[in-house]
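Since the structure comes first, as structure tokens, the remarks are kept for the end.
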Number of protein chains: 2
Amino acid sequence: MLTDLYQFTMCYAYWKNNHHNDIATFDLFFRKCPFKGEYCIFAGLSEVVKLLKNFKYSEEEINYLRTVMTDAEEGFFEYLASIDASSLQIYAVPDGTVVFPKENLIRVEGPVAVAQLLETTLLALTNFPSLIATNAYRHKRATGPDKVLVEFGLRRAQGPDGAMTASKYAYLGGFDMSSNMLACMLNQIPPSGTHAHSYISSYIGFEDLEFKQLKGKDVLELALKYRSELGFFTNDGELAAFISYAVAFPNGFLALVDTYDTLGSGVPNFLCVALAIYEIGYKPIGIRLDSGDLSYLSKQTRQMFTRVGSKYSVPFENLKIVASNELNEQVLRSLREQGHEVDVFGIGTNLVTCQGQPALGMVYKLVSIKNIPRIKLSNEKEKITIPGKKKIYRLYNTEGIAICDLLMGDSEPEPLENQRILVRHPFDERKRMYVIPSRVENLHKLIWNYGQACNLPSVKESRNYFEEKISSIRRDITRGLNPTPYKLSVSVELYDFMNELWNKELPIPEVK
Amino acid sequence: MLTDLYQFTMCYAYWKNNHHNDIATFDLFFRKCPFKGEYCIFAGLSEVVKLLKNFKYSEEEINYLRTVMTDAEEGFFEYLASIDASSLQIYAVPDGTVVFPKENLIRVEGPVAVAQLLETTLLALTNFPSLIATNAYRHKRATGPDKVLVEFGLRRAQGPDGAMTASKYAYLGGFDMSSNMLACMLNQIPPSGTHAHSYISSYIGFEDLEFKQLKGKDVLELALKYRSELGFFTNDGELAAFISYAVAFPNGFLALVDTYDTLGSGVPNFLCVALAIYEIGYKPIGIRLDSGDLSYLSKQTRQMFTRVGSKYSVPFENLKIVASNELNEQVLRSLREQGHEVDVFGIGTNLVTCQGQPALGMVYKLVSIKNIPRIKLSNEKEKITIPGKKKIYRLYNTEGIAICDLLMGDSEPEPLENQRILVRHPFDERKRMYVIPSRVENLHKLIWNYGQACNLPSVKESRNYFEEKISSIRRDITRGLNPTPYKLSVSVELYDFMNELWNKELPIPEVK
């Protein structure tokens with residue numbers, strides 16, 4: 001029932017006119033890359049296959065439909081109760097594939113009424129996963145390859161499932177960890193997290209420390225010794241909070257340092273406790289900055305680490321610096337330009353809600369019915385659909401880099417490796433080229449064969465698949481600013497056919 | 001488990017230091033109104049209460065935590081298995097309340113470890129509902145009061161639950177219908193929908209019409225008669241599709257008219273079928289525009305309705321015109337300025353993903369522990385929390401319009417009606433005023449009392465509550481552009497106390 005009413009009204013109209021079993025082909029694709037980019041990472045197939053397996057209307061749902069469609073004949077509801085996804089055959093590109101506008105990412109074939117009913121749900125299950133995976137990789141590109149990225153957007157996401165989807169597909173797109181425990185548990189994502197400001201402010205002073213010993217040594221006493229030696233004047237509540245946390249997690253001591261004053265209290269307090277537990281035999285992890293100028297603060301913090309490390313001959317210069325606080329792609333790029341000492345970025349709101357563009361415009365269009373190719377015309381070239389049942393290939397050069405993708409009719413012969421192929425721009429008649437591909441890859445995999453589901457990879461496997469795939473795409477195509485467009489081509493046969501259909505469906509208008 | 005790892009690590013640190021049972025108060029609030037506005041509509045309590053009722057860790061979840069927190073002592077996991085929400089008392093403002101920055105919308109009191117564990121989930125369950133309800137009402141303000149608003153964003157929402165949340169809370173915020181069937185079914189929202197472009201393009205010509213009769217009369221024959229009389233040259237496939245739809249829904253004939261050419265084919269074809277079914281004894285509904293200039297096209301369509309209606313003396317001038325296609329607040333405002341003839345707006349992507357601002361920054365802060373008020377300081381005034389366990393009142397004038405809200409300590413005496421009260425701006429020492437309220441409303445309701453849940457209203461009831469509440473807020477505060485800020489005040493006692501705490505926690509820095 002997670003679908004639009006109009007799928008049911010259309011379904012009824014097909015049924016009423018006895019057209020519901022006409023075999024149709026629908027393509028799922030997008031027209032424009034998100035985030036002013038020139039690529040997108042496709043994702044969401046595991047949810048799609050789950051939907052297909054469970055696609056069946058319950059009695060309760062059909063009873064509800066009876067109350068909504070009061071004029072519909074009873075036979076229709078019996079028909080609805082009888083259908084499932086076993087009449088469909090579905091091809092799709094795997095999760096983690098780098099894809100481009102107008103490519104048929106999912107191709108559904110089957111009775112028009114059934115294939116139509118799935119429209120909204122297929123879109124709802126692929127739009128956001130693809131958007132998030134793409135957004136995640138864009139953030140990865142902005143930080144550079146050697147940084148660790150942690151997703152922490154659960155609290156600000158668009159509903160709990162928005163968060164679950166975001167955590168899962170941010171991992172696919174290159175994030176390393178997540179704070180979202182349910183997503184980590186269900187998808188085997190490494191979890192990450194320490195403490196919040198409220199933890200720090202819940203400690204008022206040293207009297208709040210009931211347990212302050214590690215291996216029989218008093219951490220407070222040691223920390224106060226270092227504080228006095230280093231001449232720090234810091235907030236006692238914060239120091240108490242750090243000590244309590246270090247006592248609980250002596251092997252995972254990472255402190256949030258900006259509750260009172262980052263450089264005046266937070267980092268000094270961290271160092272006192274870090275020296276204390278180091279003396280007792282533990283390795284501190286580092287600090288987290290959650291406000292202020294991250295470039296300046298991270299550099300100053302690194303200097304303090306180095307200074308204190310060298311004073312006591314302890315290896316503190318490489319302690320981790322984690323940064324968070326309203327980070328986004330632009331901020332990350334700007335930080336990289338200014339220089340910084342951050343090792344780990346925690347990214348929430350802007351990643352998971354895709355601030356730059358909160359929706360991807362995936363659509364689902366009829367391209368063939370009863371073996372007759374259909375076209376959706378429009379005054380805008382961008383909105384014209386490429387008609388007919390189609391397959392898609394990626395052509396690679398000798399270095400393994402993708403040259404272009406090639407859409408062609410399903411019955412056309414497969415392009416051959418090391419043979420010259422003439423390909424055309426789908427809409428610009430002047431743009432043509434010869435390609436001699438070293439390798440030809442069929443992008444479509446059969447994911448659903450009349451009730452039989454393919455084996456789906458885990459998120460981790462899709463993440464690896466994506467990493468492999470992205471390395472075959474020229475880096476100027478995936479760069480953050482002013483990227484180069486990728487080439488989607490069509491075969492000569494498909495090009496000619498499109499134009500023929502266009503001329504047939506839309507006669508030249510007469511202007512009076 | 002829909003929470004952040006750091007809630008568990010903090011919980012362990014509290015437990016390890018034997019602080020987990022310290023009684024704490026947390027406030028949930030936001031700092032800045034969304035969409036550059038000056039108000040927000042609070043929502044999400046039904047999900048919050050559902051969470052509280054089910055708040056319990058399963059064995060499987062605890063086993064997963066054991067694998068993540070490998071250094072934690074076994075007693076902690078036993079403690080985790082033992083807790084639920086029965087140790088908490090929670091006050092909140094009802095769903096549909098118009099609220100303002102810094103107001104404690106939810107106040108949670110109980111053992112610090114338990115109250116802390118709920119942070120992320122409470123935020124995740126209130127942030128997006130409140131954002132959507134606010135966004136929906138902003139759209140309502142932009143169209144004006146006499147238009148019907150339909151939400152149709154399911155396919156572009158941020159995951160299925162993003163869509164479910166959006167449908168539900170758009171209805172609360174003033175939308176009239178939704179296309180999302182599951183949301184309609186679960187929340188008693190009136191559903192809405194007709195057909196898509198693919199339905200139109202699935203019909204190639206009249207040979208596709210197997211059933212074309214209504215009450216024994218041939219709709220095709222009649223429609224062709226009118227087409228010829230009116231001198232229209234239209235697409236046959238489109239006409240066939242309209243006829244098939246009208247035959248299926250003679251009482252609900254609403255046609256999507258922009259598949260081929262809106263004014264050249266779509267509207268004329270609609271009129272031919274509308275005249276045909278009207279002649280047979282049915283009332284056609286209208287058309288939907290999904291592309292192009294909605295101002296121009298709706299006006300032209302209205303003219304055609306009127307012209308054809310008057311030619312045949314049929315009441316077609318008030319047929320409905322539905323408009324969709326990437327509508328948002330700005331477009332709606334601009335349409336209203338230009339003039340248009342649209343009766344119903346279908347709004348999807350920009351409503352449900354909150355394009356203008358895809359996340360609300362609700363936060364959850366510790367304000368008291370062991371009866372000691374806590375403050376979170378910050379160099380930015382905006383980020384300072386108002387300390388202590390607090391209650392909140394709304395003060396109304398004689399016309400029933402809200403003058404200001406008043407935050408005060410929980411133990412302070414309630415403000416009295418018709419008595420002069422001195423109130424202060426929370427941060428600006430120069431801003432003070434005397435208020436003589438005609439009515440005083442306690443905004444907080446007890447929603448959870450140590451395991452007992454209050455009775456929650458239905459979405460429809462919250463929608464009515466909101467409509468009543470919004471009428472007591474000055475319209476310049478809720479207008480779309482350049483609104484007037486509302487006044488949040490604090491009592492003199494709370495103001496003085498805040499400043500005292502501030503001075504105590506943050507000594508004047510020494511600059512060397």
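FYI, nothing fancy with the structure tokens labels: chains A, B, ... in order, residues from 1 per chain, ligands from 1 as they appear.
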In region 336-488 of chain A, what's strand (DSSP E or B) per DSSP? Answer as a VMD selection string? chain A and resid 344 to 347 363 to 369 372 to 373 390 to 396 402 to 409 421 to 424 432 to 435 439 to 442 445 to 449 452 to 453 488
Could the residues in this selection be written to a file with N, CA and C atoms, as a short mmCIF file (atom, residue, chain, number, x, y, z; two decimals), in the first residue's frame?
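And here's out.cif as it stands now:
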data_model
loop_
_atom_site.label_atom_id
_atom_site.label_comp_id
_atom_site.auth_asym_id
_atom_site.auth_seq_id
_atom_site.Cartn_x
_atom_site.Cartn_y
_atom_site.Cartn_z
N VAL A 344 39.49 12.80 11.38
CA VAL A 344 38.20 12.13 11.23
C VAL A 344 37.12 13.20 11.14
N PHE A 345 36.24 13.07 10.17
CA PHE A 345 35.12 14.01 10.06
C PHE A 345 33.82 13.29 10.42
N GLY A 346 33.04 13.91 11.31
CA GLY A 346 31.71 13.41 11.62
C GLY A 346 30.71 14.29 10.91
N ILE A 347 29.92 13.69 10.05
CA ILE A 347 29.01 14.49 9.21
C ILE A 347 27.58 14.01 9.40
N VAL A 363 12.42 8.76 -12.35
CA VAL A 363 11.08 8.58 -12.92
C VAL A 363 10.95 7.16 -13.48
N TYR A 364 9.73 6.80 -13.84
CA TYR A 364 9.41 5.43 -14.27
C TYR A 364 8.46 5.58 -15.44
N LYS A 365 8.92 5.24 -16.63
CA LYS A 365 8.14 5.55 -17.83
C LYS A 365 7.88 4.30 -18.66
N LEU A 366 6.70 4.28 -19.22
CA LEU A 366 6.33 3.21 -20.16
C LEU A 366 7.12 3.39 -21.44
N VAL A 367 7.85 2.37 -21.89
CA VAL A 367 8.61 2.49 -23.13
C VAL A 367 8.14 1.52 -24.20
N SER A 368 7.29 0.57 -23.81
CA SER A 368 6.80 -0.39 -24.80
C SER A 368 5.54 -1.06 -24.27
N ILE A 369 4.56 -1.28 -25.16
CA ILE A 369 3.40 -2.06 -24.76
C ILE A 369 2.99 -2.95 -25.92
N ILE A 372 5.02 -2.75 -28.86
CA ILE A 372 5.05 -1.50 -29.63
C ILE A 372 5.78 -0.45 -28.80
N PRO A 373 6.90 0.05 -29.28
CA PRO A 373 7.65 1.05 -28.50
C PRO A 373 6.84 2.32 -28.32
N LYS A 390 15.11 -1.84 -24.05
CA LYS A 390 16.51 -1.53 -24.37
C LYS A 390 17.49 -2.22 -23.43
N LYS A 391 18.69 -2.40 -23.93
CA LYS A 391 19.77 -2.86 -23.07
C LYS A 391 20.87 -1.80 -23.06
N ILE A 392 21.81 -1.96 -22.14
CA ILE A 392 22.83 -0.91 -22.01
C ILE A 392 24.20 -1.52 -21.74
N TYR A 393 25.18 -0.98 -22.43
CA TYR A 393 26.56 -1.47 -22.31
C TYR A 393 27.50 -0.33 -21.94
N ARG A 394 28.54 -0.68 -21.23
CA ARG A 394 29.62 0.30 -20.96
C ARG A 394 30.84 -0.13 -21.76
N LEU A 395 31.40 0.81 -22.49
CA LEU A 395 32.56 0.51 -23.35
C LEU A 395 33.82 1.09 -22.71
N TYR A 396 34.86 0.25 -22.57
CA TYR A 396 36.09 0.66 -21.88
C TYR A 396 37.26 0.75 -22.86
N ALA A 402 36.23 3.93 -18.59
CA ALA A 402 34.99 3.93 -19.37
C ALA A 402 35.03 5.05 -20.40
N ILE A 403 34.71 4.71 -21.66
CA ILE A 403 34.66 5.72 -22.73
C ILE A 403 33.25 6.30 -22.82
N CYS A 404 32.27 5.44 -22.88
CA CYS A 404 30.88 5.88 -22.96
C CYS A 404 29.97 4.70 -22.65
N ASP A 405 28.69 5.01 -22.42
CA ASP A 405 27.68 3.97 -22.29
C ASP A 405 26.87 3.96 -23.58
N LEU A 406 26.37 2.80 -23.92
CA LEU A 406 25.65 2.64 -25.18
C LEU A 406 24.30 1.97 -24.95
N LEU A 407 23.23 2.72 -25.25
CA LEU A 407 21.88 2.18 -25.18
C LEU A 407 21.51 1.63 -26.54
N MET A 408 20.92 0.45 -26.56
CA MET A 408 20.48 -0.09 -27.85
C MET A 408 19.25 -0.95 -27.67
N GLY A 409 18.56 -1.18 -28.77
CA GLY A 409 17.36 -2.02 -28.73
C GLY A 409 17.71 -3.41 -28.23
N ILE A 421 32.69 0.64 -33.59
CA ILE A 421 31.24 0.82 -33.50
C ILE A 421 30.93 2.30 -33.69
N LEU A 422 29.92 2.59 -34.51
CA LEU A 422 29.47 3.97 -34.63
C LEU A 422 28.37 4.21 -33.60
N VAL A 423 28.57 5.22 -32.76
CA VAL A 423 27.54 5.53 -31.75
C VAL A 423 27.11 6.99 -31.92
N ARG A 424 25.89 7.30 -31.46
CA ARG A 424 25.35 8.65 -31.65
C ARG A 424 24.88 9.24 -30.34
N ARG A 432 28.42 12.37 -33.21
CA ARG A 432 28.59 10.95 -33.48
C ARG A 432 30.04 10.60 -33.22
N MET A 433 30.33 9.35 -32.95
CA MET A 433 31.74 8.97 -32.87
C MET A 433 31.92 7.47 -33.11
N TYR A 434 33.14 7.11 -33.54
CA TYR A 434 33.51 5.70 -33.64
C TYR A 434 34.22 5.30 -32.36
N VAL A 435 33.87 4.16 -31.84
CA VAL A 435 34.54 3.66 -30.64
C VAL A 435 35.06 2.25 -30.92
N ARG A 439 36.99 -3.38 -23.89
CA ARG A 439 36.14 -4.26 -23.09
C ARG A 439 34.72 -3.72 -23.18
N VAL A 440 33.76 -4.65 -23.22
CA VAL A 440 32.35 -4.30 -23.29
C VAL A 440 31.66 -4.94 -22.08
N GLU A 441 30.95 -4.11 -21.32
CA GLU A 441 30.29 -4.65 -20.11
C GLU A 441 28.78 -4.44 -20.23
N ASN A 442 28.05 -5.50 -20.08
CA ASN A 442 26.59 -5.39 -20.04
C ASN A 442 26.20 -4.88 -18.65
N LYS A 445 21.81 -6.57 -15.02
CA LYS A 445 21.80 -7.94 -14.47
C LYS A 445 20.34 -8.33 -14.26
N LEU A 446 20.06 -9.59 -14.42
CA LEU A 446 18.70 -10.08 -14.17
C LEU A 446 18.52 -10.18 -12.65
N ILE A 447 17.65 -9.36 -12.09
CA ILE A 447 17.51 -9.41 -10.62
C ILE A 447 16.23 -10.13 -10.19
N TRP A 448 15.30 -10.30 -11.11
CA TRP A 448 14.01 -10.92 -10.75
C TRP A 448 13.47 -11.60 -11.98
N ASN A 449 13.33 -12.91 -11.90
CA ASN A 449 12.91 -13.67 -13.08
C ASN A 449 11.62 -14.41 -12.77
N GLN A 452 11.60 -15.53 -9.22
CA GLN A 452 12.89 -15.94 -8.69
C GLN A 452 13.78 -14.71 -8.50
N ALA A 453 14.27 -14.53 -7.27
CA ALA A 453 15.15 -13.38 -7.01
C ALA A 453 16.60 -13.79 -7.18
N LEU A 488 26.62 9.49 -22.85
CA LEU A 488 25.64 8.43 -23.07
C LEU A 488 25.34 8.42 -24.57
#
For chain B, which residue out of A:Thr143, A:Ser178, A:Ser298, A:Asn104 is the nearest one, using only C-alpha atoms? A:Ser178
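Of note, CA of Asp146 (chain B) and CA of Ala323 (chain B) are spaced 14.8 Å apart.
Our summary of the geometry notes that CA of Phe270 (chain B) is positioned 20.9 Å from CA of Ile375 (chain A).
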May I have the residues within 8 Å of region 2-12 of chain A as a PyMOL selection string, using only C-alpha atoms and disregarding those fewer than 6 positions away in the same chain? (chain A and resi 20+69+72+76+113-114+116-121) or (chain B and resi 152+154+160+179-183+191-196+199+245+248)
Preceding selection exported with N, CA and C atoms as a short mmCIF file (atom, residue, chain, number, x, y, z; two decimals), in the first residue's frame:
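Below you can see part_39.cif, which holds the result:
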data_model
loop_
_atom_site.label_atom_id
_atom_site.label_comp_id
_atom_site.auth_asym_id
_atom_site.auth_seq_id
_atom_site.Cartn_x
_atom_site.Cartn_y
_atom_site.Cartn_z
N HIS A 20 -5.35 -5.04 -18.77
CA HIS A 20 -4.42 -5.21 -17.66
C HIS A 20 -3.33 -6.23 -17.94
N MET A 69 -12.51 3.34 -3.56
CA MET A 69 -12.97 3.24 -4.95
C MET A 69 -14.37 2.62 -4.96
N ALA A 72 -15.92 1.06 -8.22
CA ALA A 72 -15.26 -0.04 -8.92
C ALA A 72 -16.04 -1.34 -8.75
N PHE A 76 -12.77 -6.50 -9.83
CA PHE A 76 -11.46 -5.84 -9.77
C PHE A 76 -10.74 -6.17 -8.46
N ALA A 113 -0.71 -3.67 -15.87
CA ALA A 113 -1.34 -3.26 -14.61
C ALA A 113 -0.42 -3.55 -13.42
N VAL A 114 0.24 -4.70 -13.44
CA VAL A 114 1.13 -5.07 -12.33
C VAL A 114 2.38 -4.19 -12.35
N GLN A 116 2.73 -1.31 -13.59
CA GLN A 116 2.36 0.06 -13.24
C GLN A 116 2.18 0.22 -11.73
N LEU A 117 1.56 -0.75 -11.11
CA LEU A 117 1.32 -0.67 -9.65
C LEU A 117 2.61 -0.47 -8.86
N LEU A 118 3.73 -0.97 -9.42
CA LEU A 118 4.99 -0.89 -8.68
C LEU A 118 5.66 0.47 -8.78
N GLU A 119 5.20 1.33 -9.68
CA GLU A 119 5.92 2.57 -9.98
C GLU A 119 6.37 3.34 -8.74
N THR A 120 5.39 3.78 -7.96
CA THR A 120 5.71 4.68 -6.84
C THR A 120 6.69 4.03 -5.86
N THR A 121 6.45 2.76 -5.58
CA THR A 121 7.28 2.10 -4.57
C THR A 121 8.71 1.91 -5.09
N PHE B 152 1.65 14.97 -2.78
CA PHE B 152 1.99 13.75 -3.49
C PHE B 152 3.48 13.48 -3.64
N LEU B 154 5.34 10.94 -2.18
CA LEU B 154 5.87 9.62 -1.78
C LEU B 154 7.09 9.17 -2.58
N PRO B 160 10.87 5.41 2.59
CA PRO B 160 9.43 5.17 2.79
C PRO B 160 8.89 5.84 4.05
N SER B 179 -1.77 11.49 -1.78
CA SER B 179 -1.81 10.38 -2.74
C SER B 179 -1.32 9.08 -2.10
N ASN B 180 -0.69 9.20 -0.94
CA ASN B 180 -0.02 8.06 -0.30
C ASN B 180 -1.05 7.17 0.40
N MET B 181 -1.34 6.02 -0.19
CA MET B 181 -2.43 5.18 0.28
C MET B 181 -2.21 4.61 1.67
N LEU B 182 -0.97 4.23 1.95
CA LEU B 182 -0.72 3.66 3.27
C LEU B 182 -0.93 4.73 4.34
N ALA B 183 -0.43 5.92 4.07
CA ALA B 183 -0.61 7.01 5.03
C ALA B 183 -2.09 7.35 5.19
N PRO B 191 -7.77 10.24 0.46
CA PRO B 191 -6.80 9.99 -0.61
C PRO B 191 -7.19 10.68 -1.90
N SER B 192 -6.20 10.90 -2.75
CA SER B 192 -6.45 11.60 -4.01
C SER B 192 -5.56 11.04 -5.11
N GLY B 193 -6.09 10.93 -6.34
CA GLY B 193 -5.26 10.46 -7.45
C GLY B 193 -6.06 10.08 -8.67
N THR B 194 -5.45 10.18 -9.84
CA THR B 194 -6.14 9.79 -11.09
C THR B 194 -5.25 8.90 -11.94
N HIS B 195 -4.45 9.50 -12.85
CA HIS B 195 -3.57 8.68 -13.68
C HIS B 195 -2.30 9.43 -14.06
N ALA B 196 -1.38 8.65 -14.65
CA ALA B 196 -0.05 9.18 -14.98
C ALA B 196 0.10 9.27 -16.50
N TYR B 199 -0.13 6.02 -18.39
CA TYR B 199 -1.47 5.51 -18.71
C TYR B 199 -1.90 6.07 -20.07
N TYR B 245 -10.59 5.82 -19.39
CA TYR B 245 -10.61 6.24 -17.98
C TYR B 245 -12.00 6.70 -17.57
N ALA B 248 -14.22 3.83 -16.96
CA ALA B 248 -13.94 3.21 -15.66
C ALA B 248 -14.42 4.10 -14.51
#
Could you name the residues that touch Arg333 (chain A) at 12 Å or less, counting only C-alpha atoms, but leaving out those on the same chain fewer than 5 positions away, as a ChimeraX atom specification? /A:138-144,295,327-328,338-340,479-481
List every residue of region 109-298 of chain A that DSSP, applied to the backbone, labels as alpha helix (DSSP H), and write the result as a ChimeraX atom specification. /A:112-117,119-143,159-172,181-187,197-201,219-230,236-248,267-280,294-298
Show me, as a PyMOL selection string, the residues that have an atom within 9 Å of Tyr312 (chain B) when counting only C-alpha atoms, minus same-chain residues fewer than 4 positions from it. chain B and resi 275+307-308
